[in-house]
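Chemist: Got run.cif for you, mmCIF, C-alpha atoms:
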data_my_file
#
loop_
_atom_site.group_PDB
_atom_site.id
_atom_site.type_symbol
_atom_site.label_atom_id
_atom_site.label_comp_id
_atom_site.auth_asym_id
_atom_site.auth_seq_id
_atom_site.Cartn_x
_atom_site.Cartn_y
_atom_site.Cartn_z
ATOM 1 C CA MET N 1 -12.396 20.645 110.017
ATOM 2 C CA THR N 2 -11.146 19.899 113.503
ATOM 3 C CA LYS N 3 -10.660 22.976 115.673
ATOM 4 C CA ILE N 4 -8.198 22.795 118.553
ATOM 5 C CA THR N 5 -7.960 25.496 121.207
ATOM 6 C CA ILE N 6 -5.221 25.527 123.835
ATOM 7 C CA PHE N 7 -5.534 27.907 126.767
ATOM 8 C CA LYS N 8 -2.426 29.108 128.605
ATOM 9 C CA LYS N 9 -1.744 31.120 131.721
ATOM 10 C CA ASN N 10 1.742 32.625 131.907
ATOM 11 C CA GLY N 11 2.891 30.239 129.178
ATOM 12 C CA MET N 12 1.517 27.127 130.900
ATOM 13 C CA ILE N 13 -1.330 25.080 129.445
ATOM 14 C CA TYR N 14 -4.297 24.762 131.794
ATOM 15 C CA GLU N 15 -7.092 23.784 129.403
ATOM 16 C CA TYR N 16 -7.621 22.408 125.907
ATOM 17 C CA GLN N 17 -10.588 21.770 123.651
ATOM 18 C CA VAL N 18 -10.999 19.813 120.418
ATOM 19 C CA LYS N 19 -14.135 20.040 118.255
ATOM 20 C CA GLY N 20 -15.261 18.516 115.005
ATOM 21 C CA HIS N 21 -14.259 15.898 112.465
ATOM 22 C CA SER N 22 -11.436 16.733 110.081
ATOM 23 C CA GLY N 23 -13.120 15.462 106.936
ATOM 24 C CA TYR N 24 -9.839 14.033 105.643
ATOM 25 C CA ALA N 25 -11.358 10.584 105.043
ATOM 26 C CA GLU N 26 -14.303 8.431 106.024
ATOM 27 C CA GLU N 27 -14.813 7.676 109.699
ATOM 28 C CA GLY N 28 -12.534 4.823 110.682
ATOM 29 C CA SER N 29 -9.983 5.706 107.997
ATOM 30 C CA ASP N 30 -9.289 9.325 108.942
ATOM 31 C CA ILE N 31 -5.635 9.584 109.958
ATOM 32 C CA VAL N 32 -5.976 13.264 110.877
ATOM 33 C CA CYS N 33 -8.782 12.614 113.371
ATOM 34 C CA SER N 34 -6.931 9.557 114.661
ATOM 35 C CA GLY N 35 -3.734 11.508 115.249
ATOM 36 C CA ILE N 36 -5.494 14.355 117.015
ATOM 37 C CA SER N 37 -7.573 11.978 119.136
ATOM 38 C CA THR N 38 -4.533 9.922 120.088
ATOM 39 C CA ALA N 39 -2.484 12.982 121.100
ATOM 40 C CA THR N 40 -5.245 14.599 123.160
ATOM 41 C CA GLN N 41 -6.501 11.425 124.811
ATOM 42 C CA MET N 42 -2.961 10.229 125.582
ATOM 43 C CA ALA N 43 -2.386 13.558 127.313
ATOM 44 C CA LEU N 44 -5.602 13.121 129.309
ATOM 45 C CA VAL N 45 -4.658 9.606 130.432
ATOM 46 C CA GLY N 46 -1.124 10.751 131.259
ATOM 47 C CA LEU N 47 -2.429 13.692 133.261
ATOM 48 C CA ARG N 48 -4.704 11.448 135.291
ATOM 49 C CA GLU N 49 -2.540 8.354 135.710
ATOM 50 C CA VAL N 50 1.080 9.557 135.516
ATOM 51 C CA ALA N 51 1.013 13.163 136.696
ATOM 52 C CA LYS N 52 -1.887 12.501 139.099
ATOM 53 C CA ALA N 53 -3.279 15.898 138.094
ATOM 54 C CA ASN N 54 -6.714 17.050 139.203
ATOM 55 C CA VAL N 55 -8.429 16.918 135.803
ATOM 56 C CA LYS N 56 -11.995 17.535 134.707
ATOM 57 C CA TYR N 57 -13.109 16.669 131.208
ATOM 58 C CA ASP N 58 -16.089 16.389 128.899
ATOM 59 C CA MET N 59 -15.869 13.881 126.044
ATOM 60 C CA LYS N 60 -18.432 13.026 123.387
ATOM 61 C CA ASP N 61 -18.442 12.380 119.656
ATOM 62 C CA ALA N 62 -16.020 14.777 117.960
ATOM 63 C CA TYR N 63 -15.549 16.772 121.177
ATOM 64 C CA LEU N 64 -13.067 16.796 124.067
ATOM 65 C CA HIS N 65 -12.653 19.563 126.632
ATOM 66 C CA VAL N 66 -10.075 19.181 129.416
ATOM 67 C CA TRP N 67 -9.458 21.458 132.431
ATOM 68 C CA ILE N 68 -6.442 20.957 134.691
ATOM 69 C CA GLU N 69 -6.589 22.452 138.186
ATOM 70 C CA ASN N 70 -2.990 21.878 139.320
ATOM 71 C CA PHE N 71 -1.504 22.686 135.914
ATOM 72 C CA GLU N 72 1.739 24.227 137.242
ATOM 73 C CA GLU N 73 3.312 20.841 138.040
ATOM 74 C CA GLU N 74 6.342 19.920 135.897
ATOM 75 C CA LYS N 75 5.004 16.489 134.863
ATOM 76 C CA THR N 76 1.723 18.062 133.863
ATOM 77 C CA GLN N 77 3.356 20.697 131.678
ATOM 78 C CA THR N 78 5.711 18.147 130.115
ATOM 79 C CA LEU N 79 2.764 16.025 129.011
ATOM 80 C CA LEU N 80 0.812 19.035 127.778
ATOM 81 C CA ARG N 81 3.761 20.514 125.889
ATOM 82 C CA ALA N 82 4.368 17.172 124.156
ATOM 83 C CA MET N 83 0.692 17.126 123.164
ATOM 84 C CA GLU N 84 0.920 20.704 121.873
ATOM 85 C CA LEU N 85 4.005 19.940 119.750
ATOM 86 C CA THR N 86 2.336 16.858 118.291
ATOM 87 C CA LEU N 87 -0.796 18.834 117.436
ATOM 88 C CA GLU N 88 1.290 21.638 115.884
ATOM 89 C CA ASP N 89 2.921 19.077 113.612
ATOM 90 C CA ILE N 90 -0.424 17.566 112.579
ATOM 91 C CA VAL N 91 -1.912 21.000 111.867
ATOM 92 C CA LYS N 92 1.171 22.018 109.866
ATOM 93 C CA ASN N 93 0.938 18.922 107.676
ATOM 94 C CA TYR N 94 -2.870 18.873 107.331
ATOM 95 C CA ALA N 95 -3.816 22.564 107.455
ATOM 96 C CA ARG N 96 -6.915 22.041 105.312
ATOM 97 C CA TYR N 97 -8.332 19.626 107.881
ATOM 98 C CA ALA N 98 -7.244 20.954 111.285
ATOM 99 C CA LYS N 99 -6.733 24.365 112.858
ATOM 100 C CA MET N 100 -5.174 25.224 116.214
ATOM 101 C CA GLU N 101 -5.461 28.418 118.214
ATOM 102 C CA VAL N 102 -3.538 29.227 121.386
ATOM 103 C CA LYS N 103 -5.162 31.691 123.763
ATOM 104 C CA GLU N 104 -2.885 33.242 126.374
ATOM 105 C CA ASN N 105 -4.141 34.626 129.695
ATOM 106 C CA VAL N 106 -7.873 34.207 128.926
ATOM 107 C CA TYR N 107 -9.906 33.138 131.941
#
In structure tokens, what does this structure look like?

Modeler:
Amino acid sequence: MTKITIFKKNGMIYEYQVKGHSGYAEEGSDIVCSGISTATQMALVGLREVAKANVKYDMKDAYLHVWIENFEEEKTQTLLRAMELTLEDIVKNYARYAKMEVKENVY
């Protein structure tokens, strides 16, 4: 199962973490992992290249952790909210393979 954690401060996303393989299908054919990876990595690229956010991240096999320093910017939150909505939809449709938790005001 893939576990997604989104961290918010005053309703704004400032950090997210994704861990694990979904187990939906074999590696290379797993649409759940592909969807989650695409949403979270697109957000990371958008944060860095479009929003010009100060972003730190750690990425390895089945793991992505992203921290955003200037997370209050409108472009940054737009990208992150789009990611969150996409992930919510994936989790809703594939609840046996992915779980998402939102933590508010945890530092």

Chemist: Using the chain letters and numbering of this document, enumerate as a list in words the residues selected by the PyMOL selection byres ((chain N and resi 50-64) around 9).

Modeler: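 So the PyMOL selection byres ((chain N and resi 50-64) around 9) ends up selecting Thr2, Tyr16, Gln17, Val18, Lys19, Gly20, His21, Cys33, Ser37, Thr40, Gln41, Leu44, Val45, Gly46, Leu47, Arg48, Glu49, His65, Val66, Trp67, Ile68, Glu69, Asn70, Phe71, Glu73, Glu74, Lys75, Thr76 and Leu79 of chain N.
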
Chemist: Of the candidates N:Glu101, N:Arg96, N:Arg81, N:Thr86, which shows the shortest atom-to-atom distance to Tyr14 of chain N, using only C-alpha atoms?

Modeler: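 Nearest candidate to Tyr14 of chain N out of N:Glu101, N:Arg96, N:Arg81, N:Thr86: N:Arg81.
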
Chemist: Identify the residues within 7 Å of coordinate (-1.4, 21.2, 124.6) (same frame as the file), considering only C-alpha atoms, and give the answer as a ChimeraX atom specification.

Modeler: /N:6,13,16,80-81,83-84

Chemist: Which neighbours of Asp89 of chain N fall inside 12 Å, counting only C-alpha atoms, when residues of the same chain fewer than 6 positions from it are skipped, and could you give them as an MDAnalysis selection string?

Modeler: chainID N and resid 32 35:36 39 82:83 95 98:100

Chemist: Between atom CA of Met42 of chain N and atom CA of Thr78 of chain N, what is the distance in Å, rounded to a tenth?

Modeler: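 Rounded to one decimal, the two atoms are 12.6 Å apart.
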
Chemist: Give me the result of the PyMOL selection byres ((chain N and resi 10) around 12) on this file, residue by residue, as a list in words.

Modeler: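 Taken on the displayed file, the PyMOL selection byres ((chain N and resi 10) around 12) yields the residues Phe7, Lys8, Lys9, Gly11, Met12, Ile13, Tyr14, Phe71, Glu72, Lys103, Glu104, Asn105, Val106 and Tyr107 of chain N.
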
Chemist: Measure the distance from atom CA of Ser22 of chain N to atom CA of Gln77 of chain N in Å and round it to one decimal.

Modeler: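 These two atoms are separated by 26.5 Å.
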
Chemist: Atom CA of Val91 of chain N and atom CA of Glu26 of chain N are how many Å apart?

Modeler: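 Atom CA of Glu26 of chain N lies 18.6 Å from atom CA of Val91 of chain N.
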
Chemist: Taking all listed atoms of segment 77-92 of chain N, build the axis-aligned box, pad each of the six sides by 5 Å, then write its centre and edge lengths in Å to one decimal as AutoDock Vina command-line options.

Modeler:
--center_x 1.9 --center_y 19.0 --center_z 120.8 --size_x 17.6 --size_y 16.0 --size_z 31.8

Chemist: Output as a compact mmCIF listing (two decimals), in the frame of the given file: segment 9-36 of chain N, completed with N, CA and C atoms.

Modeler:
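Okay, this is what ended up in part-v1.txt:
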# COMPACT_ATOMS: atom_id res chain seq x y z
N LYS N 9 -1.90 30.07 130.72
CA LYS N 9 -1.74 31.12 131.72
C LYS N 9 -0.25 31.22 131.99
N ASN N 10 0.31 32.40 131.73
CA ASN N 10 1.74 32.62 131.91
C ASN N 10 2.58 31.56 131.20
N GLY N 11 2.16 31.20 129.99
CA GLY N 11 2.89 30.24 129.18
C GLY N 11 2.62 28.78 129.49
N MET N 12 1.81 28.50 130.51
CA MET N 12 1.52 27.13 130.90
C MET N 12 0.10 26.75 130.48
N ILE N 13 -0.03 25.57 129.90
CA ILE N 13 -1.33 25.08 129.44
C ILE N 13 -2.15 24.67 130.65
N TYR N 14 -3.39 25.15 130.70
CA TYR N 14 -4.30 24.76 131.79
C TYR N 14 -5.62 24.20 131.28
N GLU N 15 -5.83 24.25 129.96
CA GLU N 15 -7.09 23.78 129.40
C GLU N 15 -6.89 23.56 127.91
N TYR N 16 -7.60 22.56 127.36
CA TYR N 16 -7.62 22.41 125.91
C TYR N 16 -8.97 21.85 125.47
N GLN N 17 -9.30 22.17 124.21
CA GLN N 17 -10.59 21.77 123.65
C GLN N 17 -10.39 21.37 122.19
N VAL N 18 -11.05 20.30 121.79
CA VAL N 18 -11.00 19.81 120.42
C VAL N 18 -12.43 19.59 119.96
N LYS N 19 -12.77 20.15 118.77
CA LYS N 19 -14.14 20.04 118.26
C LYS N 19 -14.12 19.69 116.78
N GLY N 20 -15.00 18.79 116.40
CA GLY N 20 -15.26 18.52 115.00
C GLY N 20 -14.44 17.40 114.39
N HIS N 21 -14.96 16.91 113.26
CA HIS N 21 -14.26 15.90 112.46
C HIS N 21 -13.44 16.62 111.40
N SER N 22 -12.31 16.07 111.04
CA SER N 22 -11.44 16.73 110.08
C SER N 22 -11.98 16.70 108.66
N GLY N 23 -12.64 15.60 108.30
CA GLY N 23 -13.12 15.46 106.94
C GLY N 23 -12.05 14.98 105.97
N TYR N 24 -10.93 14.53 106.48
CA TYR N 24 -9.84 14.03 105.64
C TYR N 24 -10.24 12.75 104.91
N ALA N 25 -10.93 11.87 105.61
CA ALA N 25 -11.36 10.58 105.04
C ALA N 25 -12.60 10.12 105.79
N GLU N 26 -13.13 9.00 105.36
CA GLU N 26 -14.30 8.43 106.02
C GLU N 26 -13.96 8.05 107.46
N GLU N 27 -15.00 8.07 108.31
CA GLU N 27 -14.81 7.68 109.70
C GLU N 27 -14.22 6.27 109.74
N GLY N 28 -13.22 6.10 110.57
CA GLY N 28 -12.53 4.82 110.68
C GLY N 28 -11.27 4.76 109.84
N SER N 29 -11.16 5.65 108.87
CA SER N 29 -9.98 5.71 108.00
C SER N 29 -9.30 7.07 108.04
N ASP N 30 -9.76 7.93 108.90
CA ASP N 30 -9.29 9.32 108.94
C ASP N 30 -8.06 9.45 109.82
N ILE N 31 -6.89 9.52 109.19
CA ILE N 31 -5.64 9.58 109.96
C ILE N 31 -5.46 10.90 110.69
N VAL N 32 -6.07 11.97 110.20
CA VAL N 32 -5.98 13.26 110.88
C VAL N 32 -6.74 13.21 112.19
N CYS N 33 -7.99 12.76 112.14
CA CYS N 33 -8.78 12.61 113.37
C CYS N 33 -8.11 11.64 114.34
N SER N 34 -7.59 10.55 113.80
CA SER N 34 -6.93 9.56 114.66
C SER N 34 -5.72 10.14 115.37
N GLY N 35 -4.92 10.90 114.65
CA GLY N 35 -3.73 11.51 115.25
C GLY N 35 -4.08 12.51 116.33
N ILE N 36 -5.07 13.35 116.04
CA ILE N 36 -5.49 14.36 117.02
C ILE N 36 -6.10 13.68 118.24
